[in-house]
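query_21.txt follows; it contains compact mmCIF, C-alpha atoms and all ligand atoms.
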# COMPACT_ATOMS: atom_id res chain seq x y z
CA MET P 1168 174.67 263.11 19.10
CA SER P 1169 172.80 261.00 21.62
CA GLU P 1170 174.33 260.68 25.06
CA LEU P 1171 174.47 256.88 24.66
CA ILE P 1172 176.56 257.14 21.51
CA GLU P 1173 178.82 259.74 23.06
CA LEU P 1174 179.47 257.33 25.93
CA SER P 1175 180.06 254.26 23.76
CA SER P 1176 182.42 256.21 21.46
CA LYS P 1177 184.40 257.41 24.46
CA ILE P 1178 184.73 253.89 25.89
CA ILE P 1179 185.66 252.24 22.60
CA ASP P 1180 188.12 254.96 21.57
CA SER P 1181 189.85 255.13 24.98
CA GLY P 1182 189.70 251.39 25.72
CA VAL P 1183 188.66 252.29 29.26
CA VAL P 1184 185.29 251.32 30.74
CA SER P 1185 184.54 254.48 32.69
CA GLU P 1186 180.87 253.72 33.28
CA ARG P 1187 178.42 250.85 33.11
CA THR P 1188 177.63 249.85 29.55
CA ASN P 1189 174.69 247.54 30.37
CA ARG P 1190 172.23 249.82 32.11
CA ILE P 1191 168.70 249.10 33.25
CA THR P 1192 167.11 252.53 33.53
CA PHE P 1193 163.80 252.00 31.66
CA GLU P 1194 164.59 255.35 30.06
CA LEU P 1195 163.97 255.98 26.39
CA SER P 1196 166.63 257.67 24.29
CA GLU P 1197 166.16 258.80 20.70
CA VAL P 1198 169.30 257.66 18.94
CA ALA P 1199 168.32 258.98 15.48
CA GLU P 1200 165.20 260.57 13.99
CA GLY P 1201 162.36 258.09 14.54
CA LEU P 1202 164.62 255.51 16.21
CA SER P 1203 164.68 254.98 19.97
CA VAL P 1204 165.79 252.53 22.62
CA VAL P 1205 164.51 251.80 26.11
CA GLU P 1206 167.45 250.55 28.18
CA ALA P 1207 166.27 247.49 30.08
CA PHE P 1208 166.99 243.74 30.35
CA SER P 1209 166.78 243.43 27.43
CA HIS P 1210 166.34 246.69 25.52
CA ILE P 1211 163.47 247.42 23.15
CA TRP P 1212 164.42 249.26 19.97
CA SER P 1213 161.51 251.16 18.32
CA VAL P 1214 161.30 252.46 14.79
CA ASP P 1215 158.60 254.94 13.78
CA THR P 1216 157.71 253.82 10.26
CA GLY P 1217 154.94 256.34 9.58
CA ASP P 1218 152.54 253.40 9.63
CA GLY P 1219 152.99 252.28 13.21
CA LEU P 1220 156.00 251.22 15.23
CA VAL P 1221 158.25 248.28 14.59
CA LEU P 1222 159.73 247.03 17.86
CA VAL P 1223 162.85 244.91 17.98
CA ASP P 1224 162.39 242.63 21.01
CA ALA P 1225 159.88 242.84 23.82
CA SER P 1226 162.15 242.83 26.92
CA GLY P 1227 161.48 240.50 29.88
CA SER P 1228 158.34 239.71 31.87
CA LEU P 1229 159.30 242.06 34.71
CA SER P 1230 160.19 244.96 32.44
CA GLY P 1231 157.68 244.86 29.57
CA THR P 1232 155.24 247.29 31.19
CA ARG P 1233 157.87 249.87 32.08
CA CYS P 1234 159.32 249.63 28.57
CA ILE P 1235 156.01 250.14 26.76
CA ASP P 1236 155.18 253.01 29.14
CA ALA P 1237 158.45 254.70 28.17
CA ILE P 1238 157.73 254.12 24.47
CA ARG P 1239 154.26 255.64 24.94
CA GLU P 1240 155.79 258.90 26.19
CA TRP P 1241 157.64 259.01 22.86
CA ARG P 1242 155.00 257.86 20.38
CA GLN P 1243 151.30 256.92 20.57
CA ASP P 1244 151.13 255.11 17.20
CA ARG P 1245 150.07 251.50 17.13
CA VAL P 1246 152.74 248.83 17.36
CA HIS P 1247 152.65 247.30 13.90
CA SER P 1248 155.15 244.48 14.49
CA ILE P 1249 157.44 243.05 17.11
CA VAL P 1250 160.52 241.25 15.79
CA TYR P 1251 162.05 238.84 18.30
CA THR P 1252 165.82 238.65 17.81
CA HIS P 1253 165.57 235.24 19.54
CA GLY P 1254 163.35 233.44 22.02
CA HIS P 1255 165.25 234.01 25.29
CA ALA P 1256 162.89 234.95 28.12
CA ASP P 1257 164.41 238.42 28.54
CA HIS P 1258 163.59 239.23 24.90
CA VAL P 1259 160.03 237.87 24.67
CA GLY P 1260 158.65 237.93 28.24
CA GLY P 1261 157.45 241.54 27.95
CA SER P 1262 155.21 240.81 24.95
CA PRO P 1263 151.98 240.46 26.99
CA ALA P 1264 152.45 244.05 28.21
CA ILE P 1265 152.73 245.26 24.60
CA PHE P 1266 149.63 243.28 23.59
CA GLY P 1267 147.79 244.63 26.66
CA ASP P 1268 148.72 248.18 25.67
CA ALA P 1269 147.35 247.57 22.14
CA GLU P 1270 144.09 246.27 23.58
CA ASN P 1271 143.72 249.23 25.96
CA ARG P 1272 144.20 251.66 23.09
CA GLY P 1273 141.85 249.83 20.76
CA HIS P 1274 144.74 249.08 18.41
CA GLU P 1275 144.98 245.96 16.29
CA SER P 1276 147.30 243.33 17.81
CA PRO P 1277 150.84 243.54 16.44
CA ASP P 1278 152.38 240.90 14.22
CA VAL P 1279 155.11 238.91 15.94
CA ILE P 1280 157.96 237.96 13.63
CA ALA P 1281 160.75 235.55 14.48
CA HIS P 1282 162.87 232.68 13.25
CA GLU P 1283 160.86 229.46 13.06
CA ALA P 1284 162.98 227.76 15.76
CA VAL P 1285 161.52 230.15 18.35
CA HIS P 1286 158.44 227.86 18.37
CA ASP P 1287 160.65 224.86 19.25
CA ARG P 1288 162.35 226.90 21.95
CA PHE P 1289 159.04 227.83 23.59
CA HIS P 1290 158.03 224.17 23.45
CA ARG P 1291 161.33 223.15 25.06
CA TYR P 1292 160.97 225.81 27.77
CA ARG P 1293 157.60 224.33 28.72
CA GLU P 1294 158.84 220.71 28.58
CA THR P 1295 161.88 221.54 30.73
CA ALA P 1296 160.54 224.38 32.86
CA GLY P 1297 161.82 222.86 36.13
CA TRP P 1298 165.28 222.39 34.72
CA ASN P 1299 165.41 225.91 33.32
CA LEU P 1300 164.31 227.33 36.67
CA ALA P 1301 166.97 225.24 38.45
CA VAL P 1302 169.87 226.24 36.21
CA ASN P 1303 168.91 229.91 36.16
CA SER P 1304 168.61 229.85 39.94
CA ARG P 1305 172.12 228.35 40.19
CA GLN P 1306 173.39 230.97 37.74
CA PHE P 1307 172.39 233.59 40.33
CA GLY P 1308 173.69 231.68 43.36
CA GLY P 1309 170.46 229.93 44.34
CA THR P 1310 170.14 226.41 45.76
CA LYS P 1311 167.46 223.77 45.65
CA THR P 1312 165.98 224.83 48.99
CA ALA P 1313 166.52 228.55 48.44
CA PRO P 1314 166.01 229.22 44.73
CA ASN P 1315 167.06 232.59 43.42
CA PHE P 1316 165.10 232.65 40.20
CA MET P 1317 161.36 232.13 39.93
CA GLY P 1318 160.71 232.54 36.21
CA VAL P 1319 157.14 233.80 35.93
CA GLY P 1320 156.01 231.88 39.04
CA GLU P 1321 154.02 228.69 39.59
CA GLY P 1322 156.84 226.55 38.22
CA ARG P 1323 156.77 228.18 34.81
CA TYR P 1324 159.89 229.43 33.06
CA ILE P 1325 158.04 231.53 30.48
CA GLY P 1326 154.46 232.72 30.71
CA ASP P 1327 151.58 231.05 28.89
CA ASP P 1328 150.68 234.54 27.67
CA VAL P 1329 154.00 235.20 25.88
CA ALA P 1330 153.12 236.19 22.31
CA VAL P 1331 153.83 233.38 19.88
CA PRO P 1332 155.25 234.41 16.48
CA ASN P 1333 152.55 234.50 13.78
CA ILE P 1334 155.09 235.17 11.01
CA THR P 1335 158.25 233.08 10.89
CA HIS P 1336 161.20 232.78 8.53
CA GLN P 1337 163.78 230.10 7.92
CA SER P 1338 166.88 231.82 6.57
CA GLY P 1339 165.63 235.39 6.36
CA MET P 1340 162.91 237.67 5.01
CA ASP P 1341 162.20 241.25 4.02
CA LEU P 1342 159.93 243.42 6.12
CA THR P 1343 158.48 246.67 4.83
CA VAL P 1344 156.27 248.74 7.11
CA GLY P 1345 155.35 252.33 6.19
CA ASP P 1346 158.51 253.94 4.91
CA ALA P 1347 160.81 251.56 6.74
CA HIS P 1348 162.46 248.54 5.20
CA PHE P 1349 164.35 245.80 7.00
CA GLU P 1350 166.25 242.73 5.90
CA LEU P 1351 165.95 239.94 8.48
CA HIS P 1352 168.74 237.37 8.59
CA HIS P 1353 168.88 234.10 10.51
CA ALA P 1354 172.07 233.18 12.36
CA ASN P 1355 173.19 230.44 14.69
CA GLY P 1356 175.21 232.01 17.46
CA GLU P 1357 174.12 232.46 21.06
CA THR P 1358 171.08 230.45 19.99
CA ASP P 1359 169.84 228.51 16.96
CA ASP P 1360 166.93 230.93 16.48
CA HIS P 1361 168.66 234.30 16.15
CA THR P 1362 167.47 237.02 13.77
CA TRP P 1363 169.55 240.11 13.09
CA LEU P 1364 168.13 243.01 11.11
CA TRP P 1365 169.66 245.30 8.53
CA ASP P 1366 168.05 248.70 8.08
CA PRO P 1367 169.59 250.06 4.86
CA ALA P 1368 168.12 253.58 5.12
CA ARG P 1369 169.73 254.13 8.52
CA LYS P 1370 172.72 251.89 7.74
CA ALA P 1371 171.87 250.27 11.06
CA VAL P 1372 172.27 246.68 12.20
CA TYR P 1373 170.04 245.40 15.03
CA VAL P 1374 172.19 242.63 16.44
CA GLY P 1375 170.14 241.16 19.28
CA ASP P 1376 172.59 239.32 21.54
CA LEU P 1377 175.21 238.81 18.82
CA PHE P 1378 177.09 241.79 20.27
CA MET P 1379 176.50 242.50 23.94
CA TRP P 1380 179.38 244.49 25.47
CA ASN P 1381 180.62 241.29 27.07
CA PHE P 1382 182.58 238.33 25.80
CA PRO P 1383 180.15 236.47 23.48
CA ASN P 1384 177.89 234.19 25.49
CA ALA P 1385 178.86 231.17 23.40
CA GLY P 1386 180.04 228.99 26.25
CA ASN P 1387 177.34 229.17 28.93
CA PRO P 1388 178.00 226.08 31.09
CA GLN P 1389 174.39 225.28 31.89
CA LYS P 1390 172.61 225.89 28.61
CA VAL P 1391 172.06 224.07 25.32
CA GLN P 1392 174.62 224.07 22.51
CA ARG P 1393 175.85 227.42 21.23
CA PHE P 1394 177.65 228.10 17.97
CA ALA P 1395 180.88 230.11 18.17
CA GLY P 1396 181.90 229.63 14.52
CA ASP P 1397 178.49 230.49 13.06
CA TRP P 1398 178.36 233.47 15.42
CA ALA P 1399 181.57 234.84 13.89
CA THR P 1400 180.15 234.23 10.40
CA ALA P 1401 177.08 236.33 11.29
CA LEU P 1402 179.28 239.17 12.57
CA ARG P 1403 181.24 239.07 9.28
CA ALA P 1404 177.97 239.21 7.30
CA MET P 1405 177.02 242.33 9.28
CA ILE P 1406 180.38 243.97 8.52
CA ALA P 1407 179.80 243.30 4.80
CA LYS P 1408 176.69 245.51 4.93
CA GLY P 1409 178.82 248.53 5.89
CA PRO P 1410 176.86 249.48 9.03
CA GLU P 1411 177.24 252.91 10.59
CA LEU P 1412 175.07 252.12 13.62
CA LEU P 1413 175.16 248.97 15.75
CA LEU P 1414 172.08 248.53 17.92
CA PRO P 1415 172.42 245.78 20.52
CA ALA P 1416 169.83 244.28 22.87
CA HIS P 1417 172.17 244.72 25.84
CA GLY P 1418 174.59 247.60 26.28
CA LEU P 1419 175.16 250.79 24.35
CA PRO P 1420 174.64 251.50 20.66
CA VAL P 1421 177.81 252.03 18.66
CA ALA P 1422 178.09 254.63 15.89
CA GLY P 1423 180.55 255.36 13.12
CA ALA P 1424 181.42 253.04 10.22
CA GLU P 1425 184.97 252.44 11.38
CA ARG P 1426 184.05 251.93 15.03
CA VAL P 1427 181.24 249.51 14.20
CA ALA P 1428 183.45 247.53 11.80
CA THR P 1429 186.19 247.36 14.43
CA VAL P 1430 184.03 246.06 17.27
CA LEU P 1431 182.35 243.48 15.02
CA ASP P 1432 185.70 242.41 13.60
CA MET P 1433 187.29 242.01 17.03
CA ALA P 1434 184.34 240.00 18.36
CA ALA P 1435 184.40 237.78 15.27
CA GLY P 1436 188.17 237.47 15.47
CA ALA P 1437 188.05 236.32 19.11
CA LEU P 1438 185.50 233.61 18.31
CA GLU P 1439 187.38 232.53 15.17
CA TYR P 1440 190.59 232.26 17.16
CA LEU P 1441 188.96 229.95 19.72
CA VAL P 1442 187.35 227.80 17.01
CA ARG P 1443 190.59 227.55 15.02
CA GLU P 1444 192.78 226.64 17.99
CA THR P 1445 190.28 224.19 19.48
CA VAL P 1446 189.68 222.40 16.20
CA ALA P 1447 193.43 222.26 15.48
CA LEU P 1448 194.01 220.44 18.79
CA MET P 1449 191.01 218.19 18.19
CA ASN P 1450 192.51 217.28 14.83
CA GLU P 1451 195.62 216.17 16.70
CA GLY P 1452 193.39 213.94 18.82
CA ALA P 1453 193.83 216.01 21.98
CA THR P 1454 191.60 215.44 25.00
CA LEU P 1455 189.33 218.13 26.42
CA ASP P 1456 191.73 218.46 29.37
CA THR P 1457 194.63 219.37 27.05
CA ILE P 1458 192.46 221.68 24.99
CA ILE P 1459 190.94 223.80 27.78
CA HIS P 1460 194.35 224.21 29.41
CA SER P 1461 196.14 225.19 26.20
CA VAL P 1462 193.75 227.41 24.24
CA LYS P 1463 194.07 230.93 25.64
CA LEU P 1464 192.86 234.08 23.96
CA PRO P 1465 195.65 236.59 23.08
CA ASP P 1466 195.74 239.95 24.92
CA THR P 1467 194.70 241.70 21.68
CA TYR P 1468 191.14 240.79 22.62
CA ASP P 1469 191.37 242.39 26.04
CA LEU P 1470 188.83 245.05 25.03
CA PRO P 1471 186.14 247.00 26.90
CA TYR P 1472 183.39 245.38 24.82
CA LEU P 1473 184.72 241.83 25.14
CA VAL P 1474 185.12 241.62 28.92
CA PRO P 1475 184.57 238.07 30.23
CA ALA P 1476 182.10 239.36 32.81
CA TYR P 1477 179.15 237.25 31.67
CA ASP P 1478 180.59 234.26 29.85
CA GLU P 1479 184.28 233.45 29.34
CA PRO P 1480 186.58 232.07 26.63
CA GLU P 1481 187.32 228.78 28.44
CA PHE P 1482 183.61 227.93 28.43
CA VAL P 1483 183.40 228.79 24.73
CA VAL P 1484 186.25 226.35 24.07
CA ARG P 1485 184.23 223.63 25.82
CA ASN P 1486 181.21 224.36 23.68
CA ILE P 1487 183.28 224.18 20.48
CA TYR P 1488 184.59 220.81 21.69
CA ARG P 1489 181.06 219.66 22.46
CA LEU P 1490 179.79 220.77 19.04
CA TYR P 1491 182.39 218.72 17.16
CA GLY P 1492 183.34 216.15 19.74
CA GLY P 1493 180.35 215.03 21.77
CA TRP P 1494 180.07 214.86 25.54
CA TRP P 1495 182.96 212.54 26.41
CA ASP P 1496 186.12 214.35 27.59
CA GLY P 1497 188.61 211.73 26.37
CA ASP P 1498 189.40 210.30 29.82
CA PRO P 1499 188.68 206.53 29.85
CA ALA P 1500 187.79 206.71 33.54
CA THR P 1501 184.94 209.10 32.90
CA LEU P 1502 183.31 206.98 30.19
CA HIS P 1503 181.56 204.86 32.82
CA PRO P 1504 182.44 206.86 35.91
CA ALA P 1505 182.15 205.65 39.49
CA PRO P 1506 179.56 207.43 41.63
CA LYS P 1507 181.27 210.53 43.05
CA ALA P 1508 180.49 209.34 46.57
CA ALA P 1509 182.48 206.13 45.96
CA LEU P 1510 185.47 207.94 44.46
CA GLY P 1511 185.38 210.57 47.21
CA ALA P 1512 185.26 207.87 49.89
CA GLU P 1513 188.24 206.02 48.40
CA VAL P 1514 190.42 209.14 48.06
CA SER P 1515 189.36 210.34 51.51
CA ALA P 1516 190.41 207.00 52.99
CA LEU P 1517 193.82 207.35 51.33
CA ALA P 1518 194.17 210.86 52.74
CA GLY P 1519 193.29 209.75 56.29
CA GLY P 1520 189.61 210.76 56.14
CA ALA P 1521 187.35 213.36 54.50
CA THR P 1522 188.33 216.03 57.02
CA ALA P 1523 192.04 215.50 56.32
CA LEU P 1524 191.36 215.74 52.59
CA ALA P 1525 189.44 218.98 53.10
CA HIS P 1526 192.31 220.40 55.17
CA ARG P 1527 194.69 219.64 52.32
CA ALA P 1528 192.34 221.63 50.07
CA LEU P 1529 192.68 224.57 52.45
CA GLU P 1530 196.49 224.37 52.27
CA LEU P 1531 196.22 224.49 48.49
CA VAL P 1532 194.06 227.61 48.70
CA GLU P 1533 196.82 229.22 50.69
CA ALA P 1534 199.36 228.05 48.11
CA GLY P 1535 197.20 229.58 45.37
CA ASP P 1536 196.11 226.37 43.64
CA LEU P 1537 192.39 227.01 43.75
CA ALA P 1538 191.47 224.56 40.99
CA VAL P 1539 193.00 221.51 42.69
CA ALA P 1540 191.70 222.72 46.06
CA ALA P 1541 188.17 222.74 44.62
CA HIS P 1542 188.52 219.15 43.40
CA LEU P 1543 189.79 217.90 46.75
CA VAL P 1544 187.15 219.60 48.86
CA GLN P 1545 184.42 218.32 46.53
CA MET P 1546 185.75 214.76 46.95
CA ALA P 1547 185.66 215.21 50.72
CA PHE P 1548 182.09 216.53 50.44
CA ASP P 1549 181.07 213.66 48.13
CA ALA P 1550 182.44 211.20 50.69
CA GLU P 1551 180.80 212.84 53.69
CA PRO P 1552 178.05 215.24 52.60
CA THR P 1553 176.98 216.01 56.17
CA ASN P 1554 180.45 216.57 57.68
CA ARG P 1555 180.32 220.07 59.19
CA GLU P 1556 184.07 220.66 59.10
CA VAL P 1557 184.13 219.72 55.44
CA HIS P 1558 181.33 222.24 54.81
CA GLU P 1559 183.24 224.97 56.68
CA ILE P 1560 186.25 224.37 54.46
CA ARG P 1561 184.17 223.92 51.31
CA LYS P 1562 182.59 227.32 51.96
CA GLU P 1563 186.06 228.89 52.24
CA VAL P 1564 187.47 227.15 49.17
CA PHE P 1565 184.63 228.26 46.90
CA THR P 1566 184.64 231.76 48.39
CA ALA P 1567 188.28 232.02 47.32
CA ARG P 1568 187.48 230.49 43.94
CA ARG P 1569 184.60 232.92 43.42
CA ALA P 1570 186.75 235.94 44.34
CA VAL P 1571 188.97 235.42 41.29
CA ALA P 1572 186.22 234.37 38.86
CA THR P 1573 185.41 236.99 36.22
CA SER P 1574 182.16 235.73 34.74
CA LEU P 1575 178.65 235.91 36.14
CA MET P 1576 178.23 232.25 35.09
CA ALA P 1577 181.16 231.09 37.24
CA LYS P 1578 180.47 233.46 40.14
CA GLY P 1579 176.84 232.27 40.30
CA ILE P 1580 177.73 228.58 40.33
CA TYR P 1581 180.36 229.11 43.05
CA LYS P 1582 177.90 231.20 45.05
CA SER P 1583 175.38 228.38 44.80
CA ALA P 1584 178.02 225.95 46.15
CA ILE P 1585 178.84 228.33 49.02
CA ASN P 1586 175.15 228.74 49.85
CA LEU P 1587 174.64 224.98 49.91
CA SER P 1588 177.39 224.65 52.55
CA ILE P 1589 175.95 227.55 54.53
CA GLU P 1590 172.56 225.80 54.50
CA ALA P 1591 174.18 222.55 55.68
CA LEU P 1592 175.91 224.40 58.53
CA ASP P 1593 172.65 226.08 59.57
CA GLU P 1594 170.86 222.74 59.96
ZN ZN L 1601 169.69 238.68 25.88
As structure tokens, how would this structure be written, given the file I've shared?
Amino acid sequence: MSELIELSSKIIDSGVVSERTNRITFELSEVAEGLSVVEAFSHIWSVDTGDGLVLVDASGSLSGTRCIDAIREWRQDRVHSIVYTHGHADHVGGSPAIFGDAENRGHESPDVIAHEAVHDRFHRYRETAGWNLAVNSRQFGGTKTAPNFMGVGEGRYIGDDVAVPNITHQSGMDLTVGDAHFELHHANGETDDHTWLWDPARKAVYVGDLFMWNFPNAGNPQKVQRFAGDWATALRAMIAKGPELLLPAHGLPVAGAERVATVLDMAAGALEYLVRETVALMNEGATLDTIIHSVKLPDTYDLPYLVPAYDEPEFVVRNIYRLYGGWWDGDPATLHPAPKAALGAEVSALAGGATALAHRALELVEAGDLAVAAHLVQMAFDAEPTNREVHEIRKEVFTARRAVATSLMAKGIYKSAINLSIEALDE
């Protein structure tokens, strides 16, 4: 048994995360005969078909070369096809390295197969490159003056040389290469352009990001609409195939029919719960405020492969609300809101000044009410964006808020807020 499967079995069976599950080692492991993975961000799965390799995903721009080098120590056959599970930069950015390798070896260029919406995604990434750089920078704690994410440089989010799919499908397709056969299925989930693959001979499901050893990234606060309900439907369709191997793009492979069915079922169940509860409250006419403060995931889903370390259930609830309910939160005051500076100035005046309001925020931190503290200090900051004392307190409030945040999404945004106050204090 491969070491990766030994580790994932141990973690799933014990319920204890004893080691990292998302590892970036650039090391190749053979998981079954003719089937390997390079652990990176994201992984590349390779299948030796007897008539060239089929790769599932191409990893990111910074890791493509190291991934293909690792694959080349395993097999020298030409890459016949690359299947993109979706068009996120960490899954397609490494494609130029794979094309470069083919050229150096005198191999024919591989086919690139993906869902048709990958084309629209690449178009959107180019149209909104600045925005995508800004939100990804914030996700990792960056600020406008000190960005922490550069994309591929020169203001581009994805490279002009990223391989564009030459074969696309709408709802699915069959792919036969050498002695390997794959069913490709489209699913809305993390994205609208996801493809998951079923490999009947190996009873393996290549899930892309639809299972990632983290709580499903269906809520991401800074990204386009995601689809929690459809995501669960895709996981159920995978279970129906009877998989014995689950091969994700992030994290460890999972083996064993029962184990695979369990993890897929629990992930689907968690998403279905959030959809059901959110929609039930929406049907009662509840506001977003009521919904996000009442829908809480039961402890049953407190599992080592559903940790809210990347995204979190509350954000997923918001995205379900957005999908069915639009952008308005149900508060009449926010329909045509006042500029934040005006509201902050008014509330600061009532409190005896922005500094007094910020000090009240600090008292609330000490009392443990971090959410209200964050609102108050932001109002003080909106009223007086250059007030040094407000920045000192703002830095402390969001440091406390960040310390209890579980998800990378939340931690990054709070870090970005902290860094902005540090920059203001340095001026
Ligand atoms: Zn990914």
I'd like a table as CSV: residues in chain P with an atom no more than 7 Å from ligand ZN 1601 (chain L), each row giving the shortest atom pair and its distance in Å to one decimal, all atoms listed in the file counted, sorted by chain and rising residue number.
residue,atom,partner,partner_atom,distance
P:Ser1209,CA,L:ZN1601,ZN,5.8
P:His1255,CA,L:ZN1601,ZN,6.5
P:Asp1257,CA,L:ZN1601,ZN,5.9
P:His1258,CA,L:ZN1601,ZN,6.2
P:Asp1376,CA,L:ZN1601,ZN,5.3
P:Ala1416,CA,L:ZN1601,ZN,6.4
P:His1417,CA,L:ZN1601,ZN,6.5
Using all atoms listed in the file, which residue out of P:Ser1276, P:Ser1304, P:Thr1358, P:Ser1185 lies closest to Asn1586 (chain P)?
->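 Under the stated criterion, the closest residue is P:Ser1304.
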Using only C-alpha atoms, determine which residues lie at most 10 Å from Ser1169 (chain P), disregarding the query and same-chain residues fewer than 6 positions distant; provide the list as JSON, numbers by chain.
-> {"P": [1196, 1197, 1198, 1199, 1420]}
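With distances taken over all atoms listed in the file, P:Phe1394 is the one residue among P:Tyr1472, P:Phe1394, P:Phe1565, P:Tyr1581 lying closest to Val1484 (chain P).
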Point out the residue among P:Ala1225, P:Asp1218, P:Asp1478, P:Ile1406 with the least atom-to-atom distance to Gln1243 (chain P), counting all atoms listed in the file.
->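 Among the listed residues, the smallest separation from Gln1243 (chain P) belongs to P:Asp1218.
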Need the neighbours of (192.6, 228.4, 20.8): which residues are at most 9 Å away, counting all atoms listed in the file, as a PyMOL selection string?
-> chain P and resi 1439-1448+1458-1459+1461-1464+1484
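Shortest atom-to-atom contact with Arg1489 (chain P) among P:Thr1295, P:Ala1395, P:Thr1188, P:Asn1355: P:Ala1395, counting all atoms listed in the file.
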Separation of CA of Asn1384 (chain P) from CA of Ile1179 (chain P) in Å =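 Interatomic distance, CA of Ile1179 (chain P) to CA of Asn1384 (chain P): 19.9 Å.
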If we count all atoms listed in the file, what is near region 1308-1321 of chain P at a cut-off of 9 Å, once residues fewer than 6 positions away on the same chain are taken out, given as a list in words?
->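 Near neighbours after the sequence-gap exclusion: Ser1228, Leu1229, Ala1256, Gly1260, Ala1296, Asn1299, Leu1300, Ala1301, Val1302, Lys1578, Gly1579, Ile1580, Tyr1581, Lys1582, Ser1583, Ala1584, Ile1585, Asn1586, Leu1587 and Glu1590 of chain P.
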Just want the 7 Å neighbourhood of region 1340-1347 of chain P, counted on all atoms listed in the file, with same-chain residues fewer than 2 positions away dropped. Output as a PDB file with C-alpha atoms, in the coordinates of the input.
ATOM      1  CA  THR P1216     157.710 253.820  10.260  1.00  0.00           C
ATOM      2  CA  GLY P1217     154.940 256.340   9.580  1.00  0.00           C
ATOM      3  CA  ASP P1218     152.540 253.400   9.630  1.00  0.00           C
ATOM      4  CA  HIS P1336     161.200 232.780   8.530  1.00  0.00           C
ATOM      5  CA  PHE P1349     164.350 245.800   7.000  1.00  0.00           C
ATOM      6  CA  GLU P1350     166.250 242.730   5.900  1.00  0.00           C
ATOM      7  CA  LEU P1351     165.950 239.940   8.480  1.00  0.00           C
ATOM      8  CA  HIS P1352     168.740 237.370   8.590  1.00  0.00           C
TER       9      HIS P1352
END
May I ask which of the residues P:Gly1492, P:Thr1501, P:Pro1506, P:Ile1172 is the closest one to Gly1452 (chain P), counting all atoms listed in the file?
->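 Ranking P:Gly1492, P:Thr1501, P:Pro1506, P:Ile1172 by distance to Gly1452 (chain P), first place goes to P:Gly1492.
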Record the distance separating CA of Asp1360 (chain P) and CA of Val1285 (chain P), expressed in Å with one decimal.
->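 Computing it gives 5.8 Å between the two atoms.
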Closest to Asn1387 (chain P) among P:Asp1432, P:Glu1479, P:Asp1328, P:Glu1411, using all atoms listed in the file?
->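 Among P:Asp1432, P:Glu1479, P:Asp1328, P:Glu1411, it is P:Glu1479 that comes nearest to Asn1387 (chain P).
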Taking (154.3, 256.7, 21.9) in the file's coordinates, which residues come within 12 Å, counting all atoms listed in the file, written as a PyMOL selection string?
-> chain P and resi 1195+1201-1203+1213-1215+1219-1222+1234-1246+1265+1268-1269+1272
For Ile1560 (chain P): contacts at 12 Å, all atoms listed in the file, fewer than 3 positions along chain excluded, given as a PDB file with C-alpha atoms, in the frame of the given file:
ATOM      1  CA  ALA P1521     187.350 213.360  54.500  1.00  0.00           C
ATOM      2  CA  THR P1522     188.330 216.030  57.020  1.00  0.00           C
ATOM      3  CA  ALA P1523     192.040 215.500  56.320  1.00  0.00           C
ATOM      4  CA  LEU P1524     191.360 215.740  52.590  1.00  0.00           C
ATOM      5  CA  ALA P1525     189.440 218.980  53.100  1.00  0.00           C
ATOM      6  CA  HIS P1526     192.310 220.400  55.170  1.00  0.00           C
ATOM      7  CA  ARG P1527     194.690 219.640  52.320  1.00  0.00           C
ATOM      8  CA  ALA P1528     192.340 221.630  50.070  1.00  0.00           C
ATOM      9  CA  LEU P1529     192.680 224.570  52.450  1.00  0.00           C
ATOM     10  CA  GLU P1530     196.490 224.370  52.270  1.00  0.00           C
ATOM     11  CA  LEU P1531     196.220 224.490  48.490  1.00  0.00           C
ATOM     12  CA  VAL P1532     194.060 227.610  48.700  1.00  0.00           C
ATOM     13  CA  ALA P1540     191.700 222.720  46.060  1.00  0.00           C
ATOM     14  CA  ALA P1541     188.170 222.740  44.620  1.00  0.00           C
ATOM     15  CA  LEU P1543     189.790 217.900  46.750  1.00  0.00           C
ATOM     16  CA  VAL P1544     187.150 219.600  48.860  1.00  0.00           C
ATOM     17  CA  GLN P1545     184.420 218.320  46.530  1.00  0.00           C
ATOM     18  CA  ALA P1547     185.660 215.210  50.720  1.00  0.00           C
ATOM     19  CA  PHE P1548     182.090 216.530  50.440  1.00  0.00           C
ATOM     20  CA  ASN P1554     180.450 216.570  57.680  1.00  0.00           C
ATOM     21  CA  ARG P1555     180.320 220.070  59.190  1.00  0.00           C
ATOM     22  CA  GLU P1556     184.070 220.660  59.100  1.00  0.00           C
ATOM     23  CA  VAL P1557     184.130 219.720  55.440  1.00  0.00           C
ATOM     24  CA  GLU P1563     186.060 228.890  52.240  1.00  0.00           C
ATOM     25  CA  VAL P1564     187.470 227.150  49.170  1.00  0.00           C
ATOM     26  CA  PHE P1565     184.630 228.260  46.900  1.00  0.00           C
ATOM     27  CA  THR P1566     184.640 231.760  48.390  1.00  0.00           C
ATOM     28  CA  ALA P1567     188.280 232.020  47.320  1.00  0.00           C
ATOM     29  CA  ALA P1584     178.020 225.950  46.150  1.00  0.00           C
ATOM     30  CA  ILE P1585     178.840 228.330  49.020  1.00  0.00           C
ATOM     31  CA  SER P1588     177.390 224.650  52.550  1.00  0.00           C
ATOM     32  CA  ILE P1589     175.950 227.550  54.530  1.00  0.00           C
ATOM     33  CA  LEU P1592     175.910 224.400  58.530  1.00  0.00           C
TER      34      LEU P1592
END
Tell me, as a PyMOL selection string, which residues lie within 9 Å of Ala1407 (chain P), counting all atoms listed in the file; anything in the same chain fewer than 4 positions away does not count.
-> chain P and resi 1402-1403+1428
